[in-house]
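S.K.: Before anything else, here's the structure in question.
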Protein chains: 2
Amino acid sequence: MAPFEAPSFHDIRSAAARIAPHAHTTPVLRAPELDVSAGASLFFKCEHLQVGGAFKFRGACNAVWSLGDEEARRGVVTHSSGNHGAALALAAQTRKIPAHIVVPEGAVAAKLANIERAGGILHRCAPTQAAREDACARVQHDTGATLVHPYADARVMAGQGTIVLELLQQVPDLDAMVVPIGGGGLASGCTIALHALKPDARLFGAEPAGADDAFRSLQRGERITNVVPHTICDGLRATIGEPNFAILGAHRVEVISVDDDATLAAMRLVWAELKQTIEPSSAVVLAALLAQRERFAGQRVGLVLSGGNVDLDAIPFIRR
Amino acid sequence: MAPFEAPSFHDIRSAAARIAPHAHTTPVLRAPELDVSAGASLFFKCEHLQVGGAFKFRGACNAVWSLGDEEARRGVVTHSSGNHGAALALAAQTRKIPAHIVVPEGAVAAKLANIERAGGILHRCAPTQAAREDACARVQHDTGATLVHPYADARVMAGQGTIVLELLQQVPDLDAMVVPIGGGGLASGCTIALHALKPDARLFGAEPAGADDAFRSLQRGERITNVVPHTICDGLRATIGEPNFAILGAHRVEVISVDDDATLAAMRLVWAELKQTIEPSSAVVLAALLAQRERFAGQRVGLVLSGGNVDLDAIPFIRR
């Protein structure tokens with residue numbers, strides 16, 4: 001395998017141009033009540049209003065439109081608990097090429113429905129990292145499709161980084177940003193873009209305590225891969241990628257770990273005050289900020305609401 | 001009592017200038033899945049993201065800032081099942097004057113909390129039109145406060161009509177608009193503004209079948225006041241106002257009546273596809289459009305999502 005090359009800021013700018021015909025410029029929303037609770041000025045970047053209901057469309061779309069024509073024709077393949085899968089299927093649709101999505105058992109029904117609705121070809125597998133990768137390799141072998149990894153992929157990272165370009169146009173004077181961390185694709189793209197455009201602003205990752213491999217990896221200075229995820233945040237169960245770990249470490253990104261109760265309380269707050277139907281994986285950013293509010297006191301903070309694909313028959317903050 | 005004078009288009013323009021320092025320009029959102037279901041291009045005007053979580057702030061704010069200084073000092077009073085009450089309290093706050101809110105028993109807890117949070121002074125009464133009006137009269141007598149009626153008030157109507165000015169700047173080429181009807185303040189302001197700016201575009205009212213006094217009144221050509229409301233749409237239980245009835249009749253506004261099941265299905269669709277936490281009274285507009293989709297086929301339709309103050313402990317489309 002060729003050595004991994006992290007995307008440059010130039011790659012992120014190119015990604016922005018490449019996805020512009022297909023992706024939405026998502027709005028930034030505010031809620032005075034949340035500012036009061038936080039003691040800071042919060043700017044919520046609404047990626048749950050992105051095509052497919054999650055930021056993942058940016059990276060998937062950049063990857064799909066980075067392919068040569070010949071390569072593209074054979075299609076794309078990925079493994080995903082949901083949002084990246086739906087995003088890749090939607091991105092493939094914009095280029096009229098097939099998308100194979102390997103889905104672990106136990107994925108959220110609303111997300112599977114999104115993949116199928118987008119014309120993705122589902123391949124089911126056991127919910128382990130190894131089973132996902134095996135199934136992907138099989139599809140690659142059988143079809144010649146190009147793997148678009150959900151996060152350990154420079155084209156994907158570059159696509160996710162376009163959020164920062166957009167957010168800083170909407171809110172130029174941010175002191176900090178908070179993004180959720182699963183495999184680290186979003187955080188990688190965002191830290192590269194933020195470092196280039198606003199080197200004084202800090203990027204924080206928010207991670208569920210029950211899947212805190214990024215937190216522990218960065219603390220120890222060594223990538224930990226044996227965490228068995230146990231969290232309600234179904235989008236954040238992946239293990240941090242190798243290149244992602246390297247990029248976050250090099251940029252000294254700090255991770256704040258929060259337990260699911262705090263995340264559910266934050267999710268409810270966003271629904272009630274911001275009136276946005278976000279999924280648990282989005283709510284970790286507010287939970288992280290509220291958990292360490294003294295660090296953000298008086299600051300202008302951008303928070304990425306990463307997705308809104310929640311199962312309305314099983315809203316997790318509602319006791320049944 | 002002086003004869004009622006409907007607001008002119010000029011009054012609506014003045015209202016827009018008057019409320020501009022205090023009110024939000026709310027975003028317009030779209031969802032391709034909903035366009036497909038409807039067979040039309042839908043533009044959702046997000047008044048649930050207005051100050052206080054409902055369009056009501058526009059009318060209340062215009063009324064509060066229309067008062068002379070002397071009059072203003074004595075405060076304002078209204079009766080409201082919730083959103084208008086909170087809106088008036090918030091508007092009064094912007095002018096640092098007292099707001100007395102008469103609230104019928106049985107109002108939604110989230111809405112009462114909003115009134116109190118905004119510094120409104122609560123006065124409880126029985127849930128009938130007569131009890132509300134009596135309680136208001138008592139407060140007026142005791143305090144000298146000015147009554148700001150939730151809908152039968154020209155200043156309130158003019159404030160609500162500013163939605164149309166904004167929406168047509170955001171989406172100039174609309175064929176039709178759909179707004180919820182309770183007392184008819186929103187519909188009155190909107191039809192006057194729409195008639196002035198875009199006389200070919202039609203305004204439709206959407207009303208719960210269990211509180212269809214506007215529907216029946218306009219059909220019969222005579223105001224019906226004896227409907228006992230029975231609907232999940234807590235914001236639409238009021239009886240259509242006398243001046244409102246006259247304005248809607250003169251503008252030939254057509255009302256579409258929908259049952260609560262259709263409204264709940266539409267509410268769920270908005271949560272799932274548009275990712276917006278709206279209250280039942282907002283969802284009637286989509287329910288009405290879907291109930292008569294052949295009339296809107298291929299058209300560009302603006303739908304006002306009127307409010308988002310829903311009790312998350314009792315989400316009505318979720319069976320417990």
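Following the order of the structure tokens, first chain is A, next is B, and so on, with residues numbered from 1 inside each chain and ligands from 1 in the order they appear.
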Which residues are near Ala266 of chain B? Cut-off 9 Å, only C-alpha atoms, ignore same chain within fewer than 4 positions. Put them as a count of residues only.
M.R.: 11
S.K.: Compute the set of chain A residues within 10 Å of chain B, using only C-alpha atoms, and express it as a PyMOL selection string.
M.R.: chain A and resi 26-33+48-49+51-53+110+117+268+270-279+307-315+317-320
S.K.: Since we have the selection now, will you write its residues out, keeping N, CA and C atoms, as a compact mmCIF listing (two decimals), in the first residue's frame?
M.R.:
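Contents of result-v1.txt, as written:
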```
# COMPACT_ATOMS: atom_id res chain seq x y z
N THR A 26 -24.96 24.66 4.26
CA THR A 26 -25.90 24.48 5.38
C THR A 26 -25.97 25.73 6.24
N PRO A 27 -27.14 25.98 6.83
CA PRO A 27 -27.27 27.19 7.66
C PRO A 27 -26.55 27.06 9.01
N VAL A 28 -26.32 28.20 9.62
CA VAL A 28 -25.81 28.26 10.99
C VAL A 28 -26.96 28.76 11.85
N LEU A 29 -27.28 28.04 12.91
CA LEU A 29 -28.38 28.45 13.78
C LEU A 29 -27.87 28.76 15.19
N ARG A 30 -28.63 29.57 15.89
CA ARG A 30 -28.28 29.97 17.25
C ARG A 30 -29.50 29.86 18.14
N ALA A 31 -29.29 29.77 19.43
CA ALA A 31 -30.40 29.81 20.39
C ALA A 31 -29.91 30.55 21.63
N PRO A 32 -30.55 31.70 21.91
CA PRO A 32 -30.08 32.50 23.05
C PRO A 32 -30.08 31.72 24.36
N GLU A 33 -31.05 30.81 24.54
CA GLU A 33 -31.13 30.05 25.79
C GLU A 33 -29.89 29.17 25.96
N HIS A 48 -26.77 18.37 9.71
CA HIS A 48 -27.91 17.43 9.63
C HIS A 48 -28.87 17.88 8.53
N LEU A 49 -28.68 19.09 8.01
CA LEU A 49 -29.49 19.57 6.89
C LEU A 49 -28.73 19.41 5.57
N VAL A 51 -27.28 17.25 2.33
CA VAL A 51 -27.86 16.18 1.51
C VAL A 51 -27.70 14.84 2.26
N GLY A 52 -28.77 14.09 2.38
CA GLY A 52 -28.71 12.81 3.08
C GLY A 52 -28.78 12.94 4.60
N GLY A 53 -28.87 14.16 5.10
CA GLY A 53 -29.03 14.33 6.54
C GLY A 53 -27.77 14.18 7.35
N ALA A 110 -33.46 3.74 10.39
CA ALA A 110 -33.64 4.95 9.58
C ALA A 110 -32.46 5.14 8.62
N ARG A 117 -32.99 3.87 -0.09
CA ARG A 117 -33.71 4.92 -0.82
C ARG A 117 -32.77 5.61 -1.82
N ARG A 268 -31.61 16.47 23.91
CA ARG A 268 -32.92 17.02 24.24
C ARG A 268 -32.92 18.55 24.20
N VAL A 270 -31.04 20.47 22.34
CA VAL A 270 -30.99 20.92 20.94
C VAL A 270 -32.38 20.79 20.30
N TRP A 271 -33.07 19.69 20.60
CA TRP A 271 -34.43 19.53 20.07
C TRP A 271 -35.34 20.63 20.61
N ALA A 272 -35.22 20.91 21.91
CA ALA A 272 -36.17 21.84 22.54
C ALA A 272 -35.84 23.29 22.21
N GLU A 273 -34.57 23.65 22.24
CA GLU A 273 -34.20 25.07 22.13
C GLU A 273 -33.84 25.47 20.71
N LEU A 274 -33.12 24.59 20.02
CA LEU A 274 -32.72 24.92 18.64
C LEU A 274 -33.77 24.40 17.66
N LYS A 275 -34.69 23.54 18.17
CA LYS A 275 -35.78 22.96 17.36
C LYS A 275 -35.24 22.15 16.19
N GLN A 276 -34.10 21.50 16.40
CA GLN A 276 -33.50 20.70 15.36
C GLN A 276 -33.49 19.24 15.78
N THR A 277 -33.96 18.38 14.87
CA THR A 277 -34.04 16.96 15.13
C THR A 277 -32.69 16.33 14.79
N ILE A 278 -31.80 16.33 15.76
CA ILE A 278 -30.46 15.77 15.52
C ILE A 278 -30.35 14.39 16.14
N GLU A 279 -29.39 13.61 15.66
CA GLU A 279 -29.15 12.28 16.20
C GLU A 279 -28.16 12.37 17.38
N GLY A 307 -25.35 15.12 12.11
CA GLY A 307 -26.37 14.37 11.39
C GLY A 307 -27.72 14.37 12.10
N GLY A 308 -28.75 14.05 11.34
CA GLY A 308 -30.11 14.08 11.89
C GLY A 308 -30.91 12.84 11.56
N ASN A 309 -30.21 11.72 11.35
CA ASN A 309 -30.93 10.51 10.98
C ASN A 309 -31.22 9.66 12.22
N VAL A 310 -32.29 10.05 12.87
CA VAL A 310 -32.65 9.41 14.13
C VAL A 310 -33.92 8.61 13.90
N ASP A 311 -34.02 7.51 14.60
CA ASP A 311 -35.20 6.67 14.48
C ASP A 311 -36.30 7.24 15.38
N LEU A 312 -37.34 7.81 14.77
CA LEU A 312 -38.38 8.47 15.57
C LEU A 312 -39.23 7.49 16.35
N ASP A 313 -39.09 6.20 16.05
CA ASP A 313 -39.79 5.21 16.87
C ASP A 313 -38.98 4.82 18.10
N ALA A 314 -37.79 5.32 18.21
CA ALA A 314 -36.94 4.97 19.36
C ALA A 314 -36.09 6.18 19.73
N ILE A 315 -36.75 7.29 20.05
CA ILE A 315 -36.02 8.50 20.44
C ILE A 315 -35.38 8.20 21.79
N PHE A 317 -33.95 9.76 24.25
CA PHE A 317 -34.10 10.47 25.52
C PHE A 317 -35.51 10.35 26.08
N ILE A 318 -36.34 9.57 25.37
CA ILE A 318 -37.70 9.39 25.86
C ILE A 318 -37.84 8.01 26.49
N ARG A 319 -38.25 7.99 27.74
CA ARG A 319 -38.50 6.73 28.44
C ARG A 319 -39.84 6.18 27.98
N ARG A 320 -39.89 4.90 27.67
CA ARG A 320 -41.15 4.32 27.18
C ARG A 320 -41.68 3.29 28.17
```
S.K.: I'd like to know which of B:Leu165, B:Ala89, B:Val301, B:Ala152 is closest to Gly183 of chain B, using only C-alpha atoms.
M.R.: B:Ala152
S.K.: So that I can check the secondary structure, give me every residue of segment 224-291 of chain A assigned strand (DSSP E or B) by backbone DSSP, as a ChimeraX atom specification.
M.R.: /A:254-258,276
S.K.: Would you pick out the contacts of Glu294 of chain B at 9 Å or less, using only C-alpha atoms, so that residues sharing its chain but fewer than 5 positions from it are not included, and give the list as a ChimeraX atom specification?
M.R.: /B:38-39,289
S.K.: To one decimal in Å, tell me the separation between atom CA of Val103 of chain A and atom CA of Tyr151 of chain A.
M.R.: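 Atom-to-atom, atom CA of Val103 of chain A to atom CA of Tyr151 of chain A, that is 15.5 Å.
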S.K.: Env of Ala72 of chain A: 8 Å cut, atoms = only C-alpha atoms, seq-sep filter 3 positions within chain, self excluded. Answer as a VMD selection string.
M.R.: chain A and resid 64 67 to 69 75 to 76 97 145 to 146
S.K.: I need the residue nearest Gly59 of chain A from this list: A:Leu42, A:Val102, A:Val139, A:Ala154. Use only C-alpha atoms for the distance.
M.R.: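 The shortest atom-to-atom distance to Gly59 of chain A comes from A:Ala154.
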S.K.: If you measure from atom CA of Val148 of chain A to atom CA of Val77 of chain A, what distance in Å do you get, rounded to one decimal?
M.R.: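 For atom CA of Val148 of chain A relative to atom CA of Val77 of chain A, the distance reads 6.1 Å.
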S.K.: Would you return as a count of residues only the members of segment 169-288 of chain B that DSSP assigns to alpha helix (DSSP H) on this structure's backbone?
M.R.: 51
S.K.: If we count only C-alpha atoms and set the cut-off at 6 Å, which residues sit around segment 303-305 of chain B, ignoring sequence neighbours fewer than 3 positions away in its own chain? Please answer as a list in words.
M.R.: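 Once the adjacent positions are removed, what remains is Phe44, Lys45, Cys46, Glu47, Met177, Val178, Val179 and Ser282 of chain B.
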S.K.: Kindly export the residues of the current selection with N, CA and C atoms, as an mmCIF file, in the first residue's frame.
M.R.:
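Full text of part-v8.cif as output:
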```
data_model
loop_
_atom_site.group_PDB
_atom_site.id
_atom_site.type_symbol
_atom_site.label_atom_id
_atom_site.label_comp_id
_atom_site.auth_asym_id
_atom_site.auth_seq_id
_atom_site.Cartn_x
_atom_site.Cartn_y
_atom_site.Cartn_z
ATOM 1 N N PHE B 44 -40.373 25.762 3.059
ATOM 2 C CA PHE B 44 -40.863 25.856 4.427
ATOM 3 C C PHE B 44 -40.263 27.081 5.105
ATOM 4 N N LYS B 45 -41.112 28.021 5.456
ATOM 5 C CA LYS B 45 -40.683 29.239 6.144
ATOM 6 C C LYS B 45 -40.650 28.926 7.638
ATOM 7 N N CYS B 46 -39.457 28.974 8.194
ATOM 8 C CA CYS B 46 -39.219 28.406 9.537
ATOM 9 C C CYS B 46 -39.504 29.379 10.667
ATOM 10 N N GLU B 47 -40.763 29.674 10.886
ATOM 11 C CA GLU B 47 -41.127 30.587 11.969
ATOM 12 C C GLU B 47 -41.026 29.929 13.347
ATOM 13 N N MET B 177 -49.363 29.945 -1.092
ATOM 14 C CA MET B 177 -48.869 29.851 0.282
ATOM 15 C C MET B 177 -49.925 29.131 1.113
ATOM 16 N N VAL B 178 -49.460 28.385 2.113
ATOM 17 C CA VAL B 178 -50.389 27.748 3.053
ATOM 18 C C VAL B 178 -49.980 28.145 4.464
ATOM 19 N N VAL B 179 -50.943 28.653 5.238
ATOM 20 C CA VAL B 179 -50.674 29.041 6.633
ATOM 21 C C VAL B 179 -51.729 28.407 7.534
ATOM 22 N N SER B 282 -48.161 23.542 13.544
ATOM 23 C CA SER B 282 -47.374 23.847 12.341
ATOM 24 C C SER B 282 -47.612 22.837 11.242
#
```
S.K.: Figure out the distance between atom CA of Asp212 of chain A and atom CA of Ala246 of chain A, please, to one decimal in Å.
M.R.: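 Interatomic distance, atom CA of Ala246 of chain A to atom CA of Asp212 of chain A: 16.3 Å.
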S.K.: Which residues, written as a count of residues only, have at least one atom at most 12 Å from Gly119 of chain B, with only C-alpha atoms counted and residues fewer than 2 positions away on the same chain left out?
M.R.: 24
